[in-house]
Each structure stands twice: as structure tokens, then as C-alpha cells.
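Asker: Sharing start38.csv here; it has CSV, C-alpha atoms.
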```
chain,number,residue,atom,x,y,z
M,1,MET,CA,-3.4,15.4,9.0
M,2,LEU,CA,-3.0,18.8,10.8
M,3,THR,CA,-6.6,18.6,12.1
M,4,ARG,CA,-6.0,15.1,13.5
M,5,CYS,CA,-2.9,16.4,15.3
M,6,ARG,CA,-4.8,19.3,16.8
M,7,LYS,CA,-7.6,17.0,17.9
M,8,SER,CA,-5.0,14.7,19.5
M,9,TRP,CA,-3.3,17.6,21.3
M,10,LEU,CA,-6.7,18.9,22.5
M,11,ARG,CA,-7.7,15.5,23.8
M,12,THR,CA,-4.4,15.1,25.6
M,13,ASN,CA,-4.7,18.5,27.4
M,14,ILE,CA,-8.3,17.9,28.4
M,15,LYS,CA,-7.5,14.4,29.7
M,16,TYR,CA,-4.4,15.3,31.7
M,17,GLY,CA,-5.8,18.7,32.8
M,18,LEU,CA,-8.6,16.7,34.5
M,19,ILE,CA,-6.1,14.3,36.0
M,20,GLY,CA,-4.2,17.3,37.4
M,21,LEU,CA,-7.3,18.8,39.0
M,22,VAL,CA,-8.2,15.4,40.6
M,23,LEU,CA,-4.7,15.0,42.0
M,24,GLY,CA,-4.7,18.6,43.3
M,25,LEU,CA,-8.0,18.0,45.0
M,26,LEU,CA,-6.6,14.8,46.6
M,27,VAL,CA,-3.5,16.6,47.8
M,28,TYR,CA,-5.7,19.3,49.4
M,29,VAL,CA,-7.9,16.8,51.1
M,30,THR,CA,-4.9,14.8,52.3
M,31,GLN,CA,-3.3,18.0,53.8
M,32,SER,CA,-6.5,19.0,55.5
M,33,ALA,CA,-6.9,15.5,56.9
M,34,ILE,CA,-3.3,15.6,58.3
M,35,ALA,CA,-4.0,19.0,59.8
M,36,ASN,CA,-7.3,17.8,61.1
M,37,ALA,CA,-8.8,21.0,59.8
M,38,LEU,CA,-10.0,22.3,56.4
M,39,LYS,CA,-7.2,24.3,54.9
M,40,PRO,CA,-7.9,27.8,53.6
M,41,ILE,CA,-9.2,28.3,50.1
M,42,GLU,CA,-5.8,29.6,49.0
M,43,TYR,CA,-4.3,26.2,49.7
M,44,LEU,CA,-6.9,24.6,47.4
M,45,ILE,CA,-6.2,27.1,44.6
M,46,ALA,CA,-2.5,26.6,45.0
M,47,SER,CA,-2.8,22.8,45.1
M,48,LEU,CA,-5.0,22.7,42.0
M,49,THR,CA,-2.8,25.1,40.2
M,50,PHE,CA,0.4,23.3,40.9
M,51,SER,CA,-0.9,19.8,40.1
M,52,THR,CA,-2.7,21.0,36.9
M,53,SER,CA,0.3,22.9,35.6
M,54,ILE,CA,2.6,20.0,36.3
M,55,SER,CA,0.3,17.6,34.6
M,56,LEU,CA,-0.3,19.7,31.5
M,57,THR,CA,3.4,20.7,31.2
M,58,ILE,CA,4.5,17.0,31.3
M,59,ALA,CA,1.7,15.9,29.0
M,60,ASN,CA,2.6,18.5,26.4
M,61,MET,CA,6.3,17.9,26.5
M,62,VAL,CA,5.7,14.2,26.1
M,63,HIS,CA,3.2,14.8,23.3
M,64,PHE,CA,5.8,16.9,21.5
M,65,ALA,CA,8.6,14.3,22.0
M,66,THR,CA,6.3,11.6,20.7
M,67,SER,CA,5.1,13.6,17.6
M,68,THR,CA,8.7,14.6,16.7
M,69,LYS,CA,9.9,10.9,17.0
M,70,LEU,CA,12.2,11.7,20.0
M,71,LEU,CA,10.3,8.9,21.7
M,72,ARG,CA,10.2,6.1,19.1
M,73,ASN,CA,10.4,2.4,18.9
M,74,TRP,CA,8.4,1.6,22.0
M,75,GLU,CA,9.7,-1.9,22.1
M,76,ASN,CA,13.1,-0.4,23.2
M,77,VAL,CA,11.8,-0.1,26.8
M,78,TRP,CA,14.8,1.2,28.7
M,79,ARG,CA,15.8,3.9,26.1
M,80,ASN,CA,12.3,5.4,26.0
M,81,PHE,CA,11.9,4.9,29.8
M,82,THR,CA,15.0,7.1,30.5
M,83,ILE,CA,14.1,9.8,28.0
M,84,TYR,CA,10.5,9.9,29.1
M,85,TYR,CA,11.2,10.4,32.8
M,86,LEU,CA,14.0,13.0,32.1
M,87,ILE,CA,11.4,14.9,30.1
M,88,SER,CA,8.8,14.5,32.9
M,89,PHE,CA,11.0,15.8,35.7
M,90,ALA,CA,12.2,18.7,33.5
M,91,GLY,CA,8.5,19.5,32.9
M,92,MET,CA,7.9,19.3,36.7
M,93,ILE,CA,10.7,21.9,37.4
M,94,ILE,CA,9.4,24.3,34.7
M,95,ALA,CA,5.8,23.9,35.9
M,96,VAL,CA,6.7,24.5,39.5
M,97,GLU,CA,8.7,27.6,38.8
M,98,LEU,CA,6.1,29.1,36.4
M,99,THR,CA,3.3,28.4,39.0
M,100,TYR,CA,5.3,30.2,41.7
M,101,LEU,CA,5.8,33.1,39.3
M,102,VAL,CA,2.1,33.4,38.5
M,103,LEU,CA,0.7,32.8,42.1
M,104,GLY,CA,3.4,35.1,43.5
M,105,TYR,CA,2.1,37.8,41.2
M,106,PHE,CA,-1.5,37.4,42.4
M,107,TYR,CA,-0.9,36.7,46.1
M,108,ASN,CA,2.3,38.7,46.5
M,109,TRP,CA,4.2,35.7,47.6
M,110,GLU,CA,7.9,36.3,48.2
M,111,SER,CA,10.0,33.3,47.2
M,112,GLN,CA,13.5,32.6,46.0
M,113,PHE,CA,14.1,30.6,42.9
M,114,PRO,CA,14.7,27.7,42.5
M,115,HIS,CA,12.2,26.0,44.8
M,116,THR,CA,14.2,22.9,45.5
M,117,LYS,CA,12.2,22.0,48.6
M,118,ASP,CA,9.1,21.6,46.5
M,119,TYR,CA,10.8,19.3,44.0
M,120,LEU,CA,10.9,16.4,46.5
M,121,PHE,CA,7.2,16.6,47.2
M,122,ASP,CA,6.2,17.3,43.7
M,123,SER,CA,8.3,14.4,42.4
M,124,ILE,CA,5.7,12.0,44.0
M,125,LEU,CA,3.0,13.8,42.0
M,126,VAL,CA,5.1,13.6,38.9
M,127,LEU,CA,5.7,9.8,39.3
M,128,VAL,CA,2.0,9.3,39.5
M,129,VAL,CA,1.1,11.5,36.6
M,130,CYS,CA,3.9,10.5,34.2
M,131,THR,CA,3.4,6.8,35.0
M,132,LEU,CA,-0.2,7.1,34.0
M,133,ILE,CA,0.7,8.9,30.8
M,134,TYR,CA,3.5,6.4,30.1
M,135,VAL,CA,1.3,3.4,30.5
M,136,ASP,CA,-1.4,5.0,28.3
M,137,ILE,CA,1.1,5.9,25.5
M,138,TYR,CA,2.9,2.6,25.7
M,139,ARG,CA,-0.3,0.7,25.4
M,140,LYS,CA,-1.4,2.7,22.4
M,141,ALA,CA,2.0,2.4,20.7
M,142,LEU,CA,1.9,-1.4,21.1
M,143,GLN,CA,-1.6,-1.6,19.7
M,144,ALA,CA,-0.5,0.6,16.7
M,145,ASN,CA,2.5,-1.6,16.1
M,146,LYS,CA,0.4,-4.8,16.2
M,147,LEU,CA,-2.2,-3.2,13.8
M,148,ASN,CA,0.6,-2.1,11.4
M,149,GLN,CA,2.1,-5.6,11.6
M,150,LYS,CA,-1.2,-7.2,10.8
M,151,GLU,CA,-1.8,-4.9,7.9
M,152,LEU,CA,1.6,-5.6,6.5
M,153,GLU,CA,1.1,-9.3,6.9
M,154,LEU,CA,-2.3,-9.1,5.2
M,155,HIS,CA,-0.8,-7.0,2.3
M,156,LYS,CA,2.0,-9.6,1.9
M,157,MET,CA,-0.5,-12.5,1.9
M,158,ASN,CA,-2.6,-10.7,-0.7
M,159,GLU,CA,0.4,-10.0,-2.8
M,160,LEU,CA,1.6,-13.6,-2.6
M,161,ARG,CA,-1.8,-14.9,-3.5
M,162,SER,CA,-2.1,-12.6,-6.5
M,163,ASN,CA,1.4,-13.6,-7.6
M,164,ALA,CA,0.6,-17.3,-7.2
M,165,GLU,CA,-2.6,-16.9,-9.2
M,166,LEU,CA,-0.8,-15.0,-12.0
M,167,GLU,CA,1.9,-17.6,-12.1
M,168,ALA,CA,-0.8,-20.3,-12.3
M,169,LEU,CA,-2.3,-18.5,-15.3
M,170,GLN,CA,1.1,-18.1,-16.9
M,171,ALA,CA,1.9,-21.8,-16.4
M,172,LYS,CA,-1.2,-22.7,-18.5
M,173,ILE,CA,-0.5,-20.3,-21.4
M,174,ASN,CA,2.7,-22.0,-22.7
M,175,PRO,CA,1.4,-25.6,-22.8
M,176,HIS,CA,-1.8,-24.4,-24.4
M,177,PHE,CA,0.1,-22.6,-27.2
M,178,LEU,CA,2.6,-25.4,-27.5
M,179,TYR,CA,-0.3,-27.9,-28.1
M,180,ASN,CA,-1.7,-25.8,-30.9
M,181,ALA,CA,1.7,-25.1,-32.5
M,182,LEU,CA,2.7,-28.8,-32.4
M,183,ASN,CA,-0.6,-29.7,-34.1
M,184,SER,CA,0.2,-27.2,-36.9
M,185,ILE,CA,3.7,-28.6,-37.3
M,186,ALA,CA,2.3,-32.2,-37.4
M,187,GLY,CA,-0.1,-31.1,-40.2
M,188,LEU,CA,2.8,-29.6,-42.2
M,189,ILE,CA,5.3,-32.5,-41.9
M,190,LYS,CA,3.8,-34.6,-44.8
M,191,ASP,CA,2.7,-31.7,-47.1
M,192,ASN,CA,5.5,-29.2,-46.5
M,193,PRO,CA,8.4,-30.6,-44.4
M,194,ASP,CA,10.5,-27.4,-45.1
M,195,GLN,CA,7.9,-25.2,-43.5
M,196,ALA,CA,7.5,-27.7,-40.7
M,197,GLU,CA,11.2,-27.5,-40.0
M,198,GLU,CA,11.1,-23.7,-40.2
M,199,MET,CA,8.2,-23.5,-37.8
M,200,THR,CA,9.9,-25.9,-35.4
M,201,ILE,CA,13.0,-23.7,-35.3
M,202,LYS,CA,10.9,-20.5,-34.8
M,203,LEU,CA,8.9,-22.3,-32.0
M,204,SER,CA,12.2,-23.2,-30.2
M,205,LYS,CA,13.3,-19.5,-30.5
M,206,LEU,CA,10.0,-18.4,-29.1
M,207,PHE,CA,10.2,-20.6,-26.1
M,208,ARG,CA,13.9,-19.9,-25.5
M,209,TYR,CA,13.0,-16.2,-25.5
M,210,SER,CA,10.1,-16.6,-23.1
M,211,ILE,CA,12.1,-18.9,-20.7
M,212,ASN,CA,15.1,-16.5,-20.7
M,213,GLN,CA,13.0,-13.5,-19.7
M,214,SER,CA,12.5,-12.4,-16.1
M,215,GLN,CA,9.5,-14.0,-14.5
M,216,GLU,CA,8.0,-10.7,-13.3
M,217,ASN,CA,4.3,-10.2,-13.7
M,218,LEU,CA,4.7,-7.0,-15.6
M,219,VAL,CA,7.0,-6.5,-18.7
M,220,SER,CA,7.5,-3.6,-21.1
M,221,ILE,CA,5.4,-3.4,-24.2
M,222,ARG,CA,8.7,-3.7,-26.2
M,223,GLU,CA,9.2,-7.2,-24.7
M,224,GLU,CA,5.6,-8.2,-25.3
M,225,ALA,CA,5.9,-7.0,-28.9
M,226,GLU,CA,9.1,-9.0,-29.5
M,227,LEU,CA,7.5,-12.1,-28.2
M,228,LEU,CA,4.4,-11.4,-30.3
M,229,SER,CA,6.6,-11.0,-33.4
M,230,LEU,CA,8.1,-14.4,-32.9
M,231,TYR,CA,4.6,-15.9,-32.4
M,232,LEU,CA,3.3,-14.3,-35.6
M,233,GLU,CA,6.2,-15.6,-37.6
M,234,ILE,CA,5.1,-19.1,-36.7
M,235,GLU,CA,1.5,-18.4,-37.5
M,236,LYS,CA,2.4,-16.8,-40.9
M,237,ILE,CA,3.9,-20.2,-41.8
M,238,ARG,CA,0.8,-21.9,-40.7
M,239,PHE,CA,-1.7,-19.5,-42.4
M,240,GLY,CA,0.3,-18.4,-45.4
M,241,ASN,CA,-1.5,-15.8,-47.4
M,242,ARG,CA,-4.9,-16.5,-45.8
M,243,VAL,CA,-4.3,-13.9,-43.1
M,244,THR,CA,-2.5,-10.5,-43.0
M,245,PHE,CA,-1.0,-9.3,-39.7
M,246,GLU,CA,-0.6,-5.8,-38.5
M,247,VAL,CA,0.9,-4.5,-35.3
M,248,ASN,CA,0.8,-0.8,-34.4
M,249,ILE,CA,2.2,0.6,-31.1
M,250,GLY,CA,2.0,4.2,-30.2
M,251,ALA,CA,5.1,6.3,-29.9
M,252,GLY,CA,6.5,6.5,-26.4
M,253,LEU,CA,4.7,3.4,-25.2
M,254,TYR,CA,7.4,0.8,-25.6
M,255,THR,CA,8.7,1.2,-22.0
M,256,THR,CA,5.1,1.0,-20.5
M,257,LYS,CA,4.6,-2.0,-18.4
M,258,ILE,CA,1.7,-4.5,-19.0
M,259,PRO,CA,1.0,-8.0,-17.8
M,260,ARG,CA,3.2,-10.8,-19.3
M,261,PHE,CA,1.7,-12.7,-22.2
M,262,LEU,CA,-1.3,-10.4,-22.3
M,263,ILE,CA,-1.5,-9.9,-26.1
M,264,GLN,CA,-0.4,-13.3,-27.5
M,265,PRO,CA,-3.3,-15.3,-26.1
M,266,LEU,CA,-5.8,-12.8,-27.6
M,267,VAL,CA,-4.1,-13.1,-31.0
M,268,GLU,CA,-4.1,-16.9,-30.7
M,269,ASN,CA,-7.8,-16.8,-29.8
M,270,ALA,CA,-8.6,-14.6,-32.8
M,271,LEU,CA,-6.8,-17.0,-35.2
M,272,LYS,CA,-8.2,-20.1,-33.6
M,273,HIS,CA,-11.9,-19.0,-33.3
M,274,GLY,CA,-12.4,-15.9,-35.3
M,275,LEU,CA,-10.5,-16.5,-38.5
M,276,LYS,CA,-10.5,-20.3,-38.8
M,277,TYR,CA,-13.4,-20.2,-41.3
M,278,ASN,CA,-11.9,-17.5,-43.5
M,279,ALA,CA,-10.5,-19.2,-46.6
M,280,ALA,CA,-8.8,-15.9,-47.7
M,281,ASN,CA,-8.6,-12.2,-47.0
M,282,GLY,CA,-8.3,-12.7,-43.2
M,283,ARG,CA,-7.0,-9.7,-41.3
M,284,LEU,CA,-5.7,-9.4,-37.8
M,285,ALA,CA,-4.6,-6.1,-36.3
M,286,VAL,CA,-3.0,-5.3,-32.9
M,287,ASP,CA,-3.2,-1.7,-31.8
M,288,VAL,CA,-1.7,-0.2,-28.6
M,289,PHE,CA,-2.2,3.5,-27.9
M,290,ALA,CA,-2.9,6.0,-25.2
M,291,GLU,CA,-6.3,7.5,-24.9
M,292,VAL,CA,-6.7,10.4,-22.5
M,293,THR,CA,-6.1,8.6,-19.2
M,294,ASP,CA,-6.1,5.0,-20.4
M,295,LEU,CA,-3.7,2.7,-22.1
M,296,VAL,CA,-5.8,0.9,-24.8
M,297,ILE,CA,-4.9,-2.5,-26.3
M,298,GLN,CA,-7.0,-3.8,-29.2
M,299,VAL,CA,-6.9,-7.1,-31.0
M,300,ALA,CA,-9.2,-6.9,-34.0
M,301,ASP,CA,-10.0,-9.4,-36.8
M,302,ASN,CA,-12.6,-9.7,-39.6
M,303,GLY,CA,-13.6,-13.2,-38.7
M,304,GLN,CA,-16.7,-14.7,-37.0
M,305,PRO,CA,-18.3,-12.2,-34.6
M,306,PHE,CA,-18.5,-13.0,-30.9
M,307,ALA,CA,-21.6,-15.1,-30.0
M,308,SER,CA,-24.1,-13.6,-27.6
M,309,ASP,CA,-23.9,-16.7,-25.5
M,310,LEU,CA,-20.1,-17.0,-25.8
M,311,VAL,CA,-18.4,-19.3,-23.3
M,312,LEU,CA,-15.0,-17.9,-22.7
M,313,GLY,CA,-12.1,-20.1,-23.6
M,314,TYR,CA,-8.8,-20.1,-21.7
M,315,GLY,CA,-7.2,-17.3,-23.7
M,316,LEU,CA,-10.0,-14.8,-23.0
M,317,GLN,CA,-10.7,-16.0,-19.5
M,318,SER,CA,-7.0,-15.6,-18.6
M,319,THR,CA,-7.1,-12.1,-19.9
M,320,PHE,CA,-10.1,-11.2,-17.7
M,321,ASP,CA,-8.5,-12.9,-14.7
M,322,LYS,CA,-5.2,-11.1,-15.1
M,323,ILE,CA,-6.7,-7.6,-15.5
M,324,GLN,CA,-9.0,-8.3,-12.5
M,325,LEU,CA,-6.1,-9.5,-10.3
M,326,LEU,CA,-3.7,-6.6,-11.2
M,327,TYR,CA,-6.1,-3.7,-11.6
M,328,GLY,CA,-9.4,-4.6,-10.1
M,329,ALA,CA,-12.1,-2.2,-11.0
M,330,HIS,CA,-9.6,0.1,-12.6
M,331,GLY,CA,-9.1,-2.3,-15.5
M,332,LYS,CA,-11.6,-3.1,-18.3
M,333,VAL,CA,-11.9,-5.9,-20.9
M,334,GLU,CA,-14.6,-5.7,-23.6
M,335,LEU,CA,-15.7,-8.0,-26.4
M,336,ILE,CA,-16.9,-5.7,-29.2
M,337,ASN,CA,-18.6,-6.7,-32.5
M,338,SER,CA,-19.5,-3.3,-34.0
M,339,PRO,CA,-18.4,-1.3,-35.8
M,340,GLN,CA,-15.4,-3.6,-35.8
M,341,LYS,CA,-14.9,-7.0,-34.1
M,342,MET,CA,-12.2,-6.8,-31.4
M,343,VAL,CA,-11.2,-7.5,-27.9
M,344,GLN,CA,-10.4,-4.2,-26.2
M,345,ILE,CA,-8.5,-3.7,-22.9
M,346,LYS,CA,-8.3,-0.4,-21.0
M,347,ILE,CA,-5.8,0.1,-18.2
M,348,PRO,CA,-5.5,3.5,-16.5
M,349,LEU,CA,-2.1,5.1,-17.3
M,350,ALA,CA,-1.7,5.9,-13.7
M,351,HIS,CA,-1.5,2.2,-12.9
M,352,VAL,CA,1.1,1.3,-15.6
```
Hey, can you dump this file as C-alpha cells for me?

Answerer:
Amino acid sequence: MLTRCRKSWLRTNIKYGLIGLVLGLLVYVTQSAIANALKPIEYLIASLTFSTSISLTIANMVHFATSTKLLRNWENVWRNFTIYYLISFAGMIIAVELTYLVLGYFYNWESQFPHTKDYLFDSILVLVVCTLIYVDIYRKALQANKLNQKELELHKMNELRSNAELEALQAKINPHFLYNALNSIAGLIKDNPDQAEEMTIKLSKLFRYSINQSQENLVSIREEAELLSLYLEIEKIRFGNRVTFEVNIGAGLYTTKIPRFLIQPLVENALKHGLKYNAANGRLAVDVFAEVTDLVIQVADNGQPFASDLVLGYGLQSTFDKIQLLYGAHGKVELINSPQKMVQIKIPLAHV
């Protein structure tokens, strides 16, 4: 940042130093033309010195005012216009008096401060120089504002698009789960109406819980664990003693934010596809823990391993999509068969 400021300052001084030299030369040529004779070399030196010192002084004062935000909000034309020209004419007076001081020392000029007679002539030079600077700064400021506005609009569009895609994913999760749960309830109605009733009540609690929660894309692990607990209570009725469930969450992670409905679809997928052929001794474990720089979420089961040519269903696909949308290359989802079958998600702790 400091190097960029120094480069900007150097470019400003070179640019307007050259402008000052050109204007000084033009003044000298004009004076010689009016006198119909070439003025002595002292006049050229004085003309170049005055014009360059005025140009550099004004440029540096304006550069300082711009960098310190004294000149800001370039769309407020009259405010900046007034401040800018006050700075410019103040710079002219300082430059004139300093130049007289320096040249007087070298050429033994005798002069009396202030040199008010020079101010009128030099004001013309100032109007030219500072107007050139003002137009240049104003143009750059407007371009920067337009660029910032476009970047802001692009950021908002990307954010809205991501939110819309996440909401679309979320909208599919609830009906998908509802379909499976209602099928389970329908299967229990004849054989075990009490369990069907209990499952229906728990299902209503689950949906009431999910509907009443804020619709933010990220929720705490505590909220996700509470929702998962309601879901597992329903599935315990459905599977009975065929499957044991275990949920382990690392200490201090309950307030960590993760995507909404991230774990439940993975558990549902494990029950539906991995453990459906297990007549007994099924096991499903959810583990959430911190590992060096990552938050790790694992959903493991002892059911059918993932096929090598597996076609992702909605539960797994939605997980991949969510992680990709929210974390990009920083997030990771893996399907692991050995030494233990699991879906493993890794999210950098810096992003949660």
C-alpha cells in the first residue's frame, strides 16, 4: 500500500513538473514575442522556475488533500471545486514567495514580500495548471466510483444467485424427507397404529421446528443437532432395534455455523441406501470435530459400501452443491469406503 502511494506521488510530480516546464517555456516565448526580441537567459530560468514550482506545489497540495480525504465525494462538485481552488491559489502564493527567496539568493534580487503584483499574472498560470489537474483527478475519481459500483453490483448479484440456489436446494429437502416419512407412517398404520401415531406427532414437531427457525443459510451446530435429534427419533420408530444411532459433537463447536440441513440428508441417505439391507446390527454414527485447520463432519454406517459407479441421489448431490456454493475450493466432500464407510465433509475453520 505504501509503495503504491509512493509510486502515485512520484508519477504526480513527474507529470506536473513537466507541465510546469512546458508552461514556463511558453511564457518565456510569449514574453520574447511581445518584446520582439529574445529575452536574456535569466528570464528563461526565472520563467521555468516559477512555473515548475507553482505546478509542483499545487500538485502536491492537491495530492495530499486527496489522499487525506479532504477532497472526497467527487460527485459533490461545488464543495470540492471550492476547496480545490482555495488549495491551488494558496499553493501559488507559497510557490511564488519560495521561488523569489531562492532566486533572490542566487541572483541577489532585492524584493519586498509579499509579491502581490505577481499574483495577478501567476493566477492565469494557476488556472491553467489546476484546471488540468482537476479535470484529470475528477475523471479518475468518476472512473473509480463506476468501477466500485460495478464490483458492488456484481458481488450482490453473485450473493443473490447463491442464496437463490441454496434456497432452491433447501426447498427440495423437506418434501423429499416428507415423502419418505409418510411412506413409513403408511406402512405402520395397519401393523402398529400406536407407533404410526407417535411418528406422526414427532414428524409434526420436526416440521414445526424447521419452519419456525430463521431461514438463514448458515445455522449453529446446536440447531442442526436439535433438528437431527428430532429426525432420528422418527427413524428409531421406523427401524426399531435394527439400527443403533450415535451422535458425537466436539466440545466448543456447538456455536460454529454450518449450512442448514447439511447433516440430516446424509443420515437419511445412509438409512435409505446403506442400511436398508441390514436385517440387524445396523450402526449409524455422526461425528463432528475440529482437526487442525478444518471442521470435520462424518456420517458413517456399516451398511452397503459406495459403488464405484455410484450415481448421486438428491441427498448427496445437495451436499456437494451446498459446499461448492458456500465454500468453493475451500470445502471438501468425500465418499469413503475404507477403513470405514462414511461421507466426510471438511470445511476450513477460518470460513465457519

Asker: Please list as a ChimeraX atom specification every residue within 10 Å of region 299-309 of chain M, counting all atoms listed in the file and excluding residues in the same chain fewer than 2 positions away.

Answerer: /M:243-247,263-264,266-267,269-271,273-278,281-288,297,311-312,335-338,340-345

Asker: Give me, as an MDAnalysis selection string, all polymer residues having an atom no more than 12 Å from Glu198 (chain M), counting only C-alpha atoms and skipping those fewer than 4 positions away in the same chain.

Answerer: chainID M and resid 184:185 188:189 192:194 202:205 233:238

Asker: Considering all atoms listed in the file, state which residue in the set M:Gln298, M:Leu18, M:Leu44, M:Arg242 is at the smallest distance from Ala279 (chain M).

Answerer: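 When distances to Ala279 (chain M) are compared using all atoms listed in the file, the smallest one comes from M:Arg242.
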
Asker: Counting only C-alpha atoms, what is within 7 Å of region 57-63 of chain M, bar same-chain residues fewer than 4 positions away, as a list in words?

Answerer: Tyr16, Ser53, Ser67, Ile87, Ser88, Gly91, Met92 and Ala95 of chain M

Asker: Return the padded bounding box of region 84-88 of chain M as lines of an AutoDock Vina configuration file: axis-aligned, built from all atoms listed in the file, 3 Å added on each side, with centre and edge lengths in Å to one decimal.

Answerer:
```
center_x = 11.4
center_y = 12.4
center_z = 31.0
size_x = 11.2
size_y = 11.0
size_z = 9.8
```

Asker: Do a neighbour search on Leu227 (chain M) at 12 Å with all atoms listed in the file, toss out local chain neighbours closer than 4 positions, and write the hits as a PyMOL selection string.

Answerer: chain M and resi 202-203+205-213+219-223+231-234+260-265+267

Asker: Could you tell me how far CA of Leu326 (chain M) lies from CA of Lys257 (chain M), in Å and to one decimal?

Answerer: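 Those two atoms sit 11.9 Å apart.
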
Asker: Figure out the distance between CA of Ser55 (chain M) and CA of Gly20 (chain M), please, to one decimal in Å.

Answerer: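 CA of Gly20 (chain M) sits 5.3 Å away from CA of Ser55 (chain M).
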